[in-house]
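Chemist: Sharing input_1.cif here; it has mmCIF, C-alpha atoms.
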```cif
data_data
loop_
_atom_site.label_atom_id
_atom_site.label_comp_id
_atom_site.auth_asym_id
_atom_site.auth_seq_id
_atom_site.Cartn_x
_atom_site.Cartn_y
_atom_site.Cartn_z
CA MET A 178 15.11 -2.10 3.99
CA VAL A 179 16.39 1.17 2.65
CA ILE A 180 14.40 4.18 3.80
CA PHE A 181 14.34 7.91 3.70
CA ASP A 182 12.42 9.96 6.15
CA ILE A 183 12.58 13.72 5.71
CA THR A 184 10.75 16.93 6.58
CA THR A 185 9.55 19.37 3.92
CA SER A 186 7.48 22.51 3.79
CA VAL A 187 4.06 22.39 2.10
CA ASP A 188 5.81 23.67 -1.03
CA GLY A 189 8.37 20.88 -0.93
CA PHE A 190 11.52 22.50 0.43
CA VAL A 191 13.88 20.77 2.86
CA ALA A 192 15.85 23.97 3.49
CA GLY A 193 15.20 27.67 3.02
CA PRO A 194 17.22 30.05 0.87
CA ASN A 195 20.74 31.30 1.71
CA ALA A 196 22.03 28.28 3.61
CA SER A 197 25.39 28.88 5.28
CA LEU A 198 27.70 27.26 7.80
CA GLU A 199 26.01 29.30 10.53
CA ASN A 200 22.54 28.50 9.22
CA PRO A 201 22.77 25.18 7.36
CA LEU A 202 19.01 24.90 6.87
CA GLY A 203 18.71 28.37 5.35
CA GLU A 204 16.22 31.10 6.18
CA GLY A 205 13.15 29.60 7.82
CA GLY A 206 14.56 26.09 7.52
CA MET A 207 14.99 25.42 11.24
CA GLN A 208 11.26 25.93 11.78
CA LEU A 209 10.56 22.99 9.50
CA HIS A 210 11.72 20.75 12.33
CA ASP A 211 9.69 22.32 15.14
CA TRP A 212 7.31 19.34 15.03
CA ALA A 213 10.26 17.08 15.96
CA THR A 214 12.37 19.21 18.28
CA VAL A 215 9.55 19.65 20.82
CA THR A 216 9.05 15.91 21.23
CA ARG A 217 10.30 13.75 24.06
CA ALA A 218 11.81 11.18 21.65
CA TRP A 219 13.84 13.76 19.72
CA ARG A 220 15.03 15.48 22.90
CA GLU A 221 16.03 12.19 24.49
CA ARG A 222 18.10 11.28 21.40
CA HIS A 223 19.79 14.66 21.67
CA GLY A 224 20.60 14.18 25.38
CA MET A 225 17.87 16.48 26.66
CA GLY A 226 15.05 15.82 29.09
CA GLY A 227 11.41 16.78 28.82
CA GLY A 228 9.46 17.27 25.64
CA GLU A 229 6.02 16.29 24.49
CA SER A 230 4.81 12.69 24.40
CA ASN A 231 2.54 12.69 21.40
CA ALA A 232 1.96 10.97 18.06
CA ASP A 233 4.93 12.82 16.57
CA SER A 234 7.17 11.60 19.39
CA ASP A 235 6.00 7.99 19.00
CA LEU A 236 6.75 8.14 15.30
CA ILE A 237 10.31 9.36 15.93
CA ALA A 238 10.87 6.75 18.61
CA GLU A 239 9.73 3.97 16.28
CA SER A 240 11.89 5.27 13.46
CA LEU A 241 14.96 5.35 15.72
CA THR A 242 14.50 1.70 16.72
CA ARG A 243 14.62 0.73 13.04
CA GLN A 244 17.89 2.54 12.24
CA GLY A 245 20.96 0.35 11.83
CA ALA A 246 23.06 2.59 9.59
CA LEU A 247 22.77 5.96 7.89
CA ILE A 248 23.90 7.45 4.59
CA MET A 249 24.37 11.18 4.04
CA GLY A 250 25.85 13.52 1.46
CA ARG A 251 29.02 15.45 2.17
CA ARG A 252 27.17 18.74 2.65
CA MET A 253 25.00 17.28 5.38
CA PHE A 254 28.15 16.04 7.10
CA SER A 255 29.91 19.40 6.81
CA GLY A 256 26.90 21.62 7.42
CA GLY A 257 25.12 23.59 4.72
CA SER A 258 26.80 24.24 1.40
CA GLY A 259 29.89 26.34 0.94
CA PRO A 260 33.61 26.26 0.32
CA TRP A 261 34.16 24.25 3.54
CA GLU A 262 32.18 21.27 2.37
CA ASP A 263 35.19 19.56 0.78
CA ASP A 264 37.69 20.61 3.44
CA PRO A 265 39.29 17.28 4.49
CA ASN A 266 40.26 18.75 7.86
CA ARG A 267 36.76 19.78 8.75
CA ASP A 268 35.31 17.36 11.27
CA GLY A 269 31.68 17.83 10.33
CA TRP A 270 29.42 20.15 12.27
CA TRP A 271 27.87 17.50 14.50
CA GLY A 272 30.15 17.92 17.56
CA ASP A 273 31.45 15.09 19.76
CA ASP A 274 28.11 13.37 20.29
CA PRO A 275 26.13 13.40 17.06
CA PRO A 276 22.54 12.19 17.40
CA PHE A 277 22.97 9.22 15.04
CA HIS A 278 24.34 6.57 17.46
CA ASN A 279 24.97 4.32 14.45
CA PRO A 280 27.50 4.01 11.64
CA VAL A 281 27.10 6.87 9.14
CA PHE A 282 28.39 6.57 5.57
CA VAL A 283 29.23 9.90 3.96
CA LEU A 284 29.26 10.19 0.16
CA THR A 285 32.24 12.26 -0.89
CA ASN A 286 35.01 12.56 -3.48
CA HIS A 287 37.68 12.94 -0.79
CA SER A 288 38.88 9.82 0.98
CA ARG A 289 39.76 10.13 4.66
CA GLU A 290 39.94 8.01 7.75
CA THR A 291 36.80 7.01 9.58
CA VAL A 292 35.91 9.46 12.35
CA THR A 293 34.68 7.90 15.61
CA LYS A 294 32.40 9.90 17.90
CA ASP A 295 30.61 9.19 21.16
CA GLU A 296 27.66 6.83 21.64
CA GLY A 297 28.28 4.66 18.59
CA THR A 298 28.35 7.28 15.86
CA THR A 299 31.07 6.72 13.26
CA PHE A 300 31.52 8.65 10.00
CA THR A 301 32.95 6.51 7.21
CA PHE A 302 33.77 8.27 3.94
CA VAL A 303 32.79 6.48 0.76
CA THR A 304 34.31 7.66 -2.51
CA ASP A 305 33.09 4.99 -4.92
CA GLY A 306 29.44 5.87 -5.33
CA ILE A 307 25.97 5.37 -3.90
CA GLU A 308 25.79 1.60 -4.45
CA ALA A 309 29.09 1.01 -2.68
CA ALA A 310 27.92 3.17 0.22
CA LEU A 311 24.68 1.19 0.40
CA GLU A 312 26.55 -2.10 0.42
CA GLN A 313 28.65 -0.94 3.38
CA ALA A 314 25.61 0.46 5.15
CA ARG A 315 23.61 -2.75 4.70
CA ALA A 316 26.46 -4.77 6.20
CA ALA A 317 26.69 -2.39 9.15
CA ALA A 318 22.91 -2.34 9.68
CA ALA A 319 22.66 -6.14 9.85
CA ASP A 320 18.96 -6.88 10.45
CA LYS A 321 17.98 -3.23 10.90
CA ASP A 322 17.23 -0.62 8.23
CA VAL A 323 19.47 1.73 6.29
CA PHE A 324 18.30 5.36 6.41
CA VAL A 325 19.29 7.78 3.66
CA VAL A 326 19.11 10.93 5.76
CA GLY A 327 19.92 13.65 3.24
CA GLY A 328 20.43 16.08 1.79
CA ALA A 329 17.92 16.30 -1.01
CA GLU A 330 20.42 15.50 -3.75
CA THR A 331 21.47 12.29 -2.02
CA VAL A 332 17.84 11.24 -1.52
CA GLN A 333 17.13 11.96 -5.20
CA GLN A 334 20.07 9.82 -6.32
CA TYR A 335 18.94 6.80 -4.32
CA LEU A 336 15.30 7.20 -5.34
CA ALA A 337 16.04 7.59 -9.06
CA ALA A 338 18.35 4.56 -8.91
CA GLY A 339 15.48 2.42 -7.56
CA LEU A 340 17.32 1.71 -4.31
CA ILE A 341 14.66 3.00 -1.88
CA ASP A 342 12.09 0.58 -0.40
CA GLU A 343 10.00 2.99 1.68
CA PHE A 344 9.95 6.66 2.42
CA GLU A 345 8.15 9.01 4.75
CA ILE A 346 7.61 12.70 4.22
CA HIS A 347 6.90 14.87 7.25
CA VAL A 348 5.08 17.91 5.86
CA ALA A 349 5.37 20.92 8.16
CA PRO A 350 2.49 23.41 7.86
CA MET A 351 4.52 26.27 6.39
CA LEU A 352 5.54 27.67 3.03
CA LEU A 353 9.21 28.45 2.42
CA GLY A 354 8.93 29.91 -1.09
CA ALA A 355 12.54 29.19 -2.04
CA GLY A 356 15.50 27.03 -1.02
CA THR A 357 16.33 23.38 -1.66
CA GLN A 358 13.53 21.17 -2.98
CA LEU A 359 13.29 17.58 -1.77
CA PHE A 360 12.47 16.15 -5.17
CA GLY A 361 13.20 18.80 -7.77
CA GLU A 362 13.11 17.23 -11.23
CA LEU A 363 13.86 13.57 -10.75
CA GLY A 364 13.48 12.78 -14.46
CA ALA A 365 12.11 9.66 -16.14
CA ASN A 366 12.08 5.96 -15.15
CA LEU A 367 10.85 6.65 -11.65
CA PRO A 368 9.70 3.92 -9.30
CA GLN A 369 6.01 3.35 -8.72
CA VAL A 370 4.81 4.09 -5.21
CA GLU A 371 1.83 3.16 -3.03
CA LEU A 372 0.48 4.92 0.01
CA ASP A 373 1.38 3.07 3.18
CA THR A 374 0.19 5.12 6.18
CA VAL A 375 -0.75 8.68 7.08
CA VAL A 376 -0.31 10.03 10.59
CA SER A 377 -1.35 13.59 11.20
CA SER A 378 -0.93 16.09 14.01
CA PRO A 379 -1.32 19.89 14.03
CA ALA A 380 2.49 20.06 13.84
CA ALA A 381 3.04 17.86 10.78
CA THR A 382 1.44 15.42 8.36
CA HIS A 383 3.48 12.23 8.08
CA VAL A 384 2.87 10.38 4.83
CA ARG A 385 4.58 7.05 4.26
CA TYR A 386 4.97 5.40 0.85
CA ARG A 387 6.13 1.97 -0.27
CA VAL A 388 8.03 1.60 -3.51
CA VAL A 389 6.43 -1.08 -5.70
CA LYS A 390 9.16 -3.54 -6.72
CA MET B 50 -13.94 32.36 1.14
CA VAL B 51 -11.35 31.99 -1.56
CA ILE B 52 -10.06 28.47 -1.98
CA PHE B 53 -7.85 26.35 -4.14
CA ASP B 54 -8.14 22.64 -4.27
CA ILE B 55 -5.70 20.85 -6.55
CA THR B 56 -4.12 17.46 -7.17
CA THR B 57 -0.35 16.96 -7.22
CA SER B 58 2.06 14.07 -7.43
CA VAL B 59 4.19 13.21 -4.38
CA ASP B 60 6.93 15.30 -5.97
CA GLY B 61 4.63 18.30 -6.33
CA PHE B 62 3.67 18.34 -10.01
CA VAL B 63 0.18 19.21 -11.27
CA ALA B 64 0.99 18.14 -14.82
CA GLY B 65 3.62 15.93 -16.41
CA PRO B 66 6.14 16.97 -19.06
CA ASN B 67 5.31 17.72 -22.72
CA ALA B 68 1.77 19.06 -22.28
CA SER B 69 -0.06 19.60 -25.57
CA LEU B 70 -3.54 20.32 -26.88
CA GLU B 71 -4.11 16.56 -27.19
CA ASN B 72 -2.65 15.86 -23.74
CA PRO B 73 -3.12 19.01 -21.66
CA LEU B 74 -1.92 17.36 -18.44
CA GLY B 75 1.32 16.10 -20.00
CA GLU B 76 2.84 12.65 -19.81
CA GLY B 77 1.47 10.80 -16.79
CA GLY B 78 -0.64 13.79 -15.77
CA MET B 79 -4.05 12.21 -16.33
CA GLN B 80 -3.24 9.47 -13.80
CA LEU B 81 -2.94 12.13 -11.11
CA HIS B 82 -6.72 12.39 -11.20
CA ASP B 83 -7.52 8.67 -11.02
CA TRP B 84 -8.51 9.11 -7.37
CA ALA B 85 -11.28 11.51 -8.51
CA THR B 86 -12.43 10.09 -11.83
CA VAL B 87 -13.45 6.75 -10.32
CA THR B 88 -15.77 8.38 -7.78
CA ARG B 89 -19.53 8.64 -7.97
CA ALA B 90 -19.48 12.39 -7.22
CA TRP B 91 -17.01 13.19 -10.01
CA ARG B 92 -18.83 10.98 -12.52
CA GLU B 93 -22.20 12.50 -11.64
CA ARG B 94 -20.81 16.00 -12.18
CA HIS B 95 -19.54 14.88 -15.58
CA GLY B 96 -22.91 13.40 -16.56
CA MET B 97 -21.95 9.79 -16.00
CA GLY B 98 -23.52 7.13 -13.80
CA GLY B 99 -21.83 4.69 -11.43
CA GLY B 100 -18.56 5.17 -9.66
CA GLU B 101 -17.34 4.51 -6.18
CA SER B 102 -19.01 5.94 -3.08
CA ASN B 103 -16.07 6.43 -0.77
CA ALA B 104 -14.28 9.08 1.28
CA ASP B 105 -12.81 10.59 -1.90
CA SER B 106 -16.29 10.88 -3.42
CA ASP B 107 -17.71 12.51 -0.30
CA LEU B 108 -14.92 15.05 -0.34
CA ILE B 109 -15.62 15.97 -3.96
CA ALA B 110 -19.37 16.22 -3.32
CA GLU B 111 -18.80 18.54 -0.38
CA SER B 112 -16.39 20.69 -2.35
CA LEU B 113 -18.91 21.04 -5.20
CA THR B 114 -21.63 22.28 -2.85
CA ARG B 115 -19.31 25.08 -1.72
CA GLN B 116 -18.50 26.36 -5.21
CA GLY B 117 -20.18 29.58 -6.26
CA ALA B 118 -17.69 30.83 -8.87
CA LEU B 119 -14.38 29.73 -10.34
CA ILE B 120 -11.24 31.48 -11.53
CA MET B 121 -8.81 29.95 -14.02
CA GLY B 122 -5.83 30.94 -16.13
CA ARG B 123 -6.08 31.20 -19.91
CA ARG B 124 -4.15 27.99 -20.48
CA MET B 125 -6.58 25.99 -18.38
CA PHE B 126 -9.42 27.44 -20.43
CA SER B 127 -7.74 26.68 -23.76
CA GLY B 128 -6.20 23.34 -22.79
CA GLY B 129 -2.51 22.82 -22.09
CA SER B 130 0.02 25.36 -23.26
CA GLY B 131 0.80 26.18 -26.85
CA PRO B 132 0.28 28.67 -29.65
CA TRP B 133 -3.52 28.24 -29.43
CA GLU B 134 -3.80 29.55 -25.90
CA ASP B 135 -4.27 33.15 -26.98
CA ASP B 136 -6.41 32.36 -30.03
CA PRO B 137 -9.50 34.54 -29.50
CA ASN B 138 -11.56 32.23 -31.71
CA ARG B 139 -10.80 29.15 -29.72
CA ASP B 140 -13.76 28.24 -27.56
CA GLY B 141 -11.83 26.47 -24.81
CA TRP B 142 -11.47 22.72 -24.75
CA TRP B 143 -14.34 22.04 -22.35
CA GLY B 144 -17.08 21.28 -24.92
CA ASP B 145 -20.74 22.31 -24.65
CA ASP B 146 -21.29 21.11 -21.09
CA PRO B 147 -18.23 21.91 -18.99
CA PRO B 148 -18.27 20.36 -15.51
CA PHE B 149 -18.21 23.71 -13.68
CA HIS B 150 -21.95 24.57 -13.60
CA ASN B 151 -21.01 28.00 -12.23
CA PRO B 152 -19.64 31.29 -13.56
CA VAL B 153 -15.96 30.90 -14.51
CA PHE B 154 -13.64 33.92 -14.71
CA VAL B 155 -10.70 33.45 -17.08
CA LEU B 156 -7.56 35.55 -16.60
CA THR B 157 -6.33 36.67 -20.00
CA ASN B 158 -4.81 39.59 -21.91
CA HIS B 159 -7.40 39.28 -24.70
CA SER B 160 -10.84 40.69 -24.10
CA ARG B 161 -13.77 38.82 -25.60
CA GLU B 162 -17.47 38.32 -25.03
CA THR B 163 -18.67 36.03 -22.28
CA VAL B 164 -19.23 32.47 -23.52
CA THR B 165 -22.36 30.73 -22.21
CA LYS B 166 -22.44 26.94 -22.00
CA ASP B 167 -24.97 24.40 -20.73
CA GLU B 168 -25.91 23.81 -17.08
CA GLY B 169 -24.90 27.21 -15.75
CA THR B 170 -21.29 27.37 -16.90
CA THR B 171 -20.25 30.77 -18.25
CA PHE B 172 -16.74 31.85 -19.19
CA THR B 173 -16.11 35.54 -18.54
CA PHE B 174 -12.76 36.94 -19.68
CA VAL B 175 -11.03 39.32 -17.29
CA THR B 176 -8.17 41.42 -18.62
CA ASP B 177 -7.48 43.70 -15.66
CA GLY B 178 -5.74 41.38 -13.25
CA ILE B 179 -6.27 38.89 -10.46
CA GLU B 180 -7.92 41.27 -8.00
CA ALA B 181 -10.49 42.41 -10.55
CA ALA B 182 -11.26 38.79 -11.40
CA LEU B 183 -11.68 38.00 -7.72
CA GLU B 184 -14.03 40.92 -7.23
CA GLN B 185 -16.25 39.70 -10.08
CA ALA B 186 -16.06 36.12 -8.84
CA ARG B 187 -17.01 37.12 -5.28
CA ALA B 188 -20.05 38.97 -6.57
CA ALA B 189 -21.09 35.97 -8.68
CA ALA B 190 -20.51 33.51 -5.84
CA ALA B 191 -22.72 35.46 -3.40
CA ASP B 192 -22.67 33.43 -0.15
CA LYS B 193 -20.71 30.53 -1.65
CA ASP B 194 -16.96 30.18 -2.14
CA VAL B 195 -14.69 31.26 -4.96
CA PHE B 196 -12.43 28.44 -6.20
CA VAL B 197 -9.16 29.24 -7.94
CA VAL B 198 -8.98 26.09 -10.04
CA GLY B 199 -5.66 26.47 -11.87
CA GLY B 200 -3.27 26.24 -13.45
CA ALA B 201 -0.33 26.37 -11.12
CA GLU B 202 0.75 29.86 -12.13
CA THR B 203 -2.69 31.26 -11.34
CA VAL B 204 -2.77 29.53 -7.96
CA GLN B 205 0.70 30.89 -7.18
CA GLN B 206 -0.36 34.44 -8.04
CA TYR B 207 -3.35 34.35 -5.70
CA LEU B 208 -1.40 32.67 -2.90
CA ALA B 209 1.54 35.08 -3.07
CA ALA B 210 -0.88 38.02 -3.11
CA GLY B 211 -2.41 36.84 0.18
CA LEU B 212 -5.82 36.34 -1.42
CA ILE B 213 -6.33 32.67 -0.51
CA ASP B 214 -8.22 31.72 2.69
CA GLU B 215 -7.94 27.94 2.55
CA PHE B 216 -6.43 25.36 0.28
CA GLU B 217 -6.49 21.62 -0.10
CA ILE B 218 -3.85 19.50 -1.78
CA HIS B 219 -4.82 16.07 -3.03
CA VAL B 220 -1.56 14.13 -3.16
CA ALA B 221 -1.74 11.19 -5.58
CA PRO B 222 0.62 8.32 -4.75
CA MET B 223 2.87 8.70 -7.78
CA LEU B 224 6.05 10.46 -8.82
CA LEU B 225 6.05 12.46 -12.06
CA GLY B 226 9.70 13.55 -12.09
CA ALA B 227 9.12 16.56 -14.36
CA GLY B 228 6.35 18.86 -15.59
CA THR B 229 4.59 21.78 -13.95
CA GLN B 230 5.09 22.26 -10.21
CA LEU B 231 2.17 23.47 -8.10
CA PHE B 232 4.25 25.84 -6.02
CA GLY B 233 7.61 26.27 -7.71
CA GLU B 234 9.47 29.18 -6.12
CA LEU B 235 6.83 31.44 -4.60
CA GLY B 236 9.40 33.86 -3.19
CA ALA B 237 9.29 35.88 0.01
CA ASN B 238 6.42 37.39 2.05
CA LEU B 239 4.38 34.23 2.01
CA PRO B 240 1.27 33.75 4.12
CA GLN B 241 1.45 31.65 7.27
CA VAL B 242 -0.60 28.47 7.17
CA GLU B 243 -2.08 26.04 9.68
CA LEU B 244 -3.14 22.46 9.17
CA ASP B 245 -6.91 22.13 9.01
CA THR B 246 -7.80 18.50 8.21
CA VAL B 247 -6.25 15.40 6.69
CA VAL B 248 -8.37 12.78 4.92
CA SER B 249 -6.57 9.79 3.52
CA SER B 250 -7.48 6.93 1.23
CA PRO B 251 -5.25 4.52 -0.72
CA ALA B 252 -5.96 6.68 -3.79
CA ALA B 253 -4.93 10.08 -2.38
CA THR B 254 -4.00 12.01 0.74
CA HIS B 255 -6.11 15.15 1.08
CA VAL B 256 -4.44 17.80 3.21
CA ARG B 257 -6.30 20.99 3.95
CA TYR B 258 -4.66 24.21 5.22
CA ARG B 259 -6.01 27.51 6.53
CA VAL B 260 -4.16 30.70 5.82
CA VAL B 261 -3.55 32.65 9.05
CA LYS B 262 -4.83 36.19 8.52
#
```
What is this structure when it is put down as structure tokens?
Modeler:
Amino acid sequence: MVIFDITTSVDGFVAGPNASLENPLGEGGMQLHDWATVTRAWRERHGMGGGESNADSDLIAESLTRQGALIMGRRMFSGGSGPWEDDPNRDGWWGDDPPFHNPVFVLTNHSRETVTKDEGTTFTFVTDGIEAALEQARAAAADKDVFVVGGAETVQQYLAAGLIDEFEIHVAPMLLGAGTQLFGELGANLPQVELDTVVSSPAATHVRYRVVK
Amino acid sequence: MVIFDITTSVDGFVAGPNASLENPLGEGGMQLHDWATVTRAWRERHGMGGGESNADSDLIAESLTRQGALIMGRRMFSGGSGPWEDDPNRDGWWGDDPPFHNPVFVLTNHSRETVTKDEGTTFTFVTDGIEAALEQARAAAADKDVFVVGGAETVQQYLAAGLIDEFEIHVAPMLLGAGTQLFGELGANLPQVELDTVVSSPAATHVRYRVVK
């Protein structure tokens, strides 16, 4: 299956305004992820102890077991948006041990060698489009799922192309007022969706949809 | 209390593209409200028998008992957007028995006499801004709640002005891709919100927030 799974504000933003290399999620954007960063499952994946064991944590843990490969846009690889995003020498902003622990396929116009990090994370750069990236990701994922992890533009491309099977939106209880919208204007010929499940905690409302094929 | 309570698509639209007098909710916009129009409570309010008695119906029935007065923008009164929206001779598009059964305050630049309809619906035209309309609506509502019923621009004005106490978003399981967004870009200085309750059915996910004062 091909999935996206992303956090938005109540008003539909995945990042606040004025994103930069220092602040890739823009003003107020880090807070969107507070529901996740306090959980035991998220902290464990990021090499940290402690954290809350709650419904939010269980949901992250389950999602992680399903991941076999990831797809991201070049800005998510490089961090925020800016003149550095196409710099072929820039080694992402994820450090030596990115939290993906799976093969990651990065959509870009600039070919470069695959970058290998610790704990099973590799970044492979795909220059021939979203379907080619998906084909590679499916092969790498084997019997697990392919997660389109962002940013918004990448998610929109896969959704509009009818390539998404399921998606989950984690709605954080906050308004951002400006920034990057998850959906924006997707245009016509959109897939039909059905509600799958809703899980709710004070920290976020997790709404899962199936795309009707 | 001052409340809004509105239905959006998963991608945050309250109306589809190409709204007109004949199709005020735009292409695909009527379907947003399928979750409501099949319920017993909605049908009863619109003078029709039958309908489903379910969680969605209970939620509508409870909301109706709380309403003491309503506020709407001029386009919602006139129907859609177009050259007719400021026509002072146009008597709305709600017919002789609008489903409001309460005093309705219409935000407009054109003063006109109050219009009285059947079953307790009155349309009073307020030309001196959103706070003046709210003051009149509060007086009319007495110990009940004031509902800001739309459209999106009106909701945004009240929210950005810090005049909303609670709001509920009914998310219909569909993508519209274009049209009128509920929130759009609200800008800075937004109120803080907290999750209140989540009620979910296959037909819609109802998420209620409190504004932190």
Chemist: Select all residues from chain B having any atom no more than 7 Å from an atom of chain A (counting only C-alpha atoms, ignoring ligands), output as a ChimeraX atom specification.
Modeler: /B:60,222-224,226-227,232,234-237,239,241-244,247,249,251
Chemist: For Tyr207 of chain B, which residue out of B:Leu156, B:Glu162, B:Trp143, B:Gly128 is the nearest one, using all atoms listed in the file?
Modeler: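 That would be B:Leu156, the residue with the smallest distance to Tyr207 of chain B.
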Chemist: Suppose you want the space between atom CA of Thr298 of chain A and atom CA of Pro276 of chain A; what is it in Å?
Modeler: 7.8 Å
Chemist: Please report the interatomic distance between atom CA of Val197 of chain B and atom CA of Asp54 of chain B in Å with one decimal.
Modeler: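 Here the two named atoms are 7.6 Å from each other.
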Chemist: Mind listing whatever residues come within 7 Å of the point (19.4, 10.7, 7.6)? Use all atoms listed in the file, file coordinates, and give them as a PyMOL selection string.
Modeler: chain A and resi 181+247-249+324-327
Chemist: Extract, using only C-alpha atoms, all DNA, RNA and protein residues at most 8 Å from Gly169 of chain B, discarding same-chain residues fewer than 6 positions from it, and format them as number ranges by chain.
Modeler: B: 149-152
Chemist: Starting from the shown file, work through the PyMOL selection byres ((chain B and resi 190) around 9) and note down what comes out as a list in words.
Modeler: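 Selected by the PyMOL selection byres ((chain B and resi 190) around 9) in this file: Gln116, Gly117, Ala118, Leu119, Asn151, Pro152, Gln185, Ala186, Arg187, Ala188, Ala189, Ala191, Asp192, Lys193, Asp194 and Val195 of chain B.
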Chemist: Record the distance separating atom CA of Asp295 of chain A and atom CA of Gly224 of chain A, expressed in Å with one decimal.
Modeler: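 Distance between the two atoms: 12.0 Å.
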Chemist: Using the chain letters and numbers from the file, which residues does the PyMOL selection byres ((chain A and resi 216-219) around 9) grab, as a ChimeraX atom specification?
Modeler: /A:211-215,220-231,233-238,241
Chemist: With all atoms listed in the file counted, which protein, DNA or RNA residues have an atom no more than 12 Å from (-3.2, 18.3, -22.2) in the file frame? Please answer as a PyMOL selection string.
Modeler: chain B and resi 63-79+124-131+134+142-143+200+228-229
Chemist: Smallest atom-to-atom distance to Thr173 of chain B: which of B:Thr57, B:Asp140, B:Gln205, B:Phe216, using all atoms listed in the file?
Modeler: B:Asp140
Chemist: Since I can't run it myself right now, could you work out what the PyMOL selection byres ((chain B and resi 180) around 12) selects here and report it as an NGL selection string?
Modeler: :B and (51 or 120 or 154 or 156 or 175-179 or 181-187 or 203 or 206-208 or 210-213)
Chemist: Go through B:Ser160, B:Thr165, B:Thr114, B:Thr56 and flag the residue nearest Glu217 of chain B, using only C-alpha atoms for the distances.
Modeler: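 Using only C-alpha atoms, the shortest distance to Glu217 of chain B belongs to B:Thr56.
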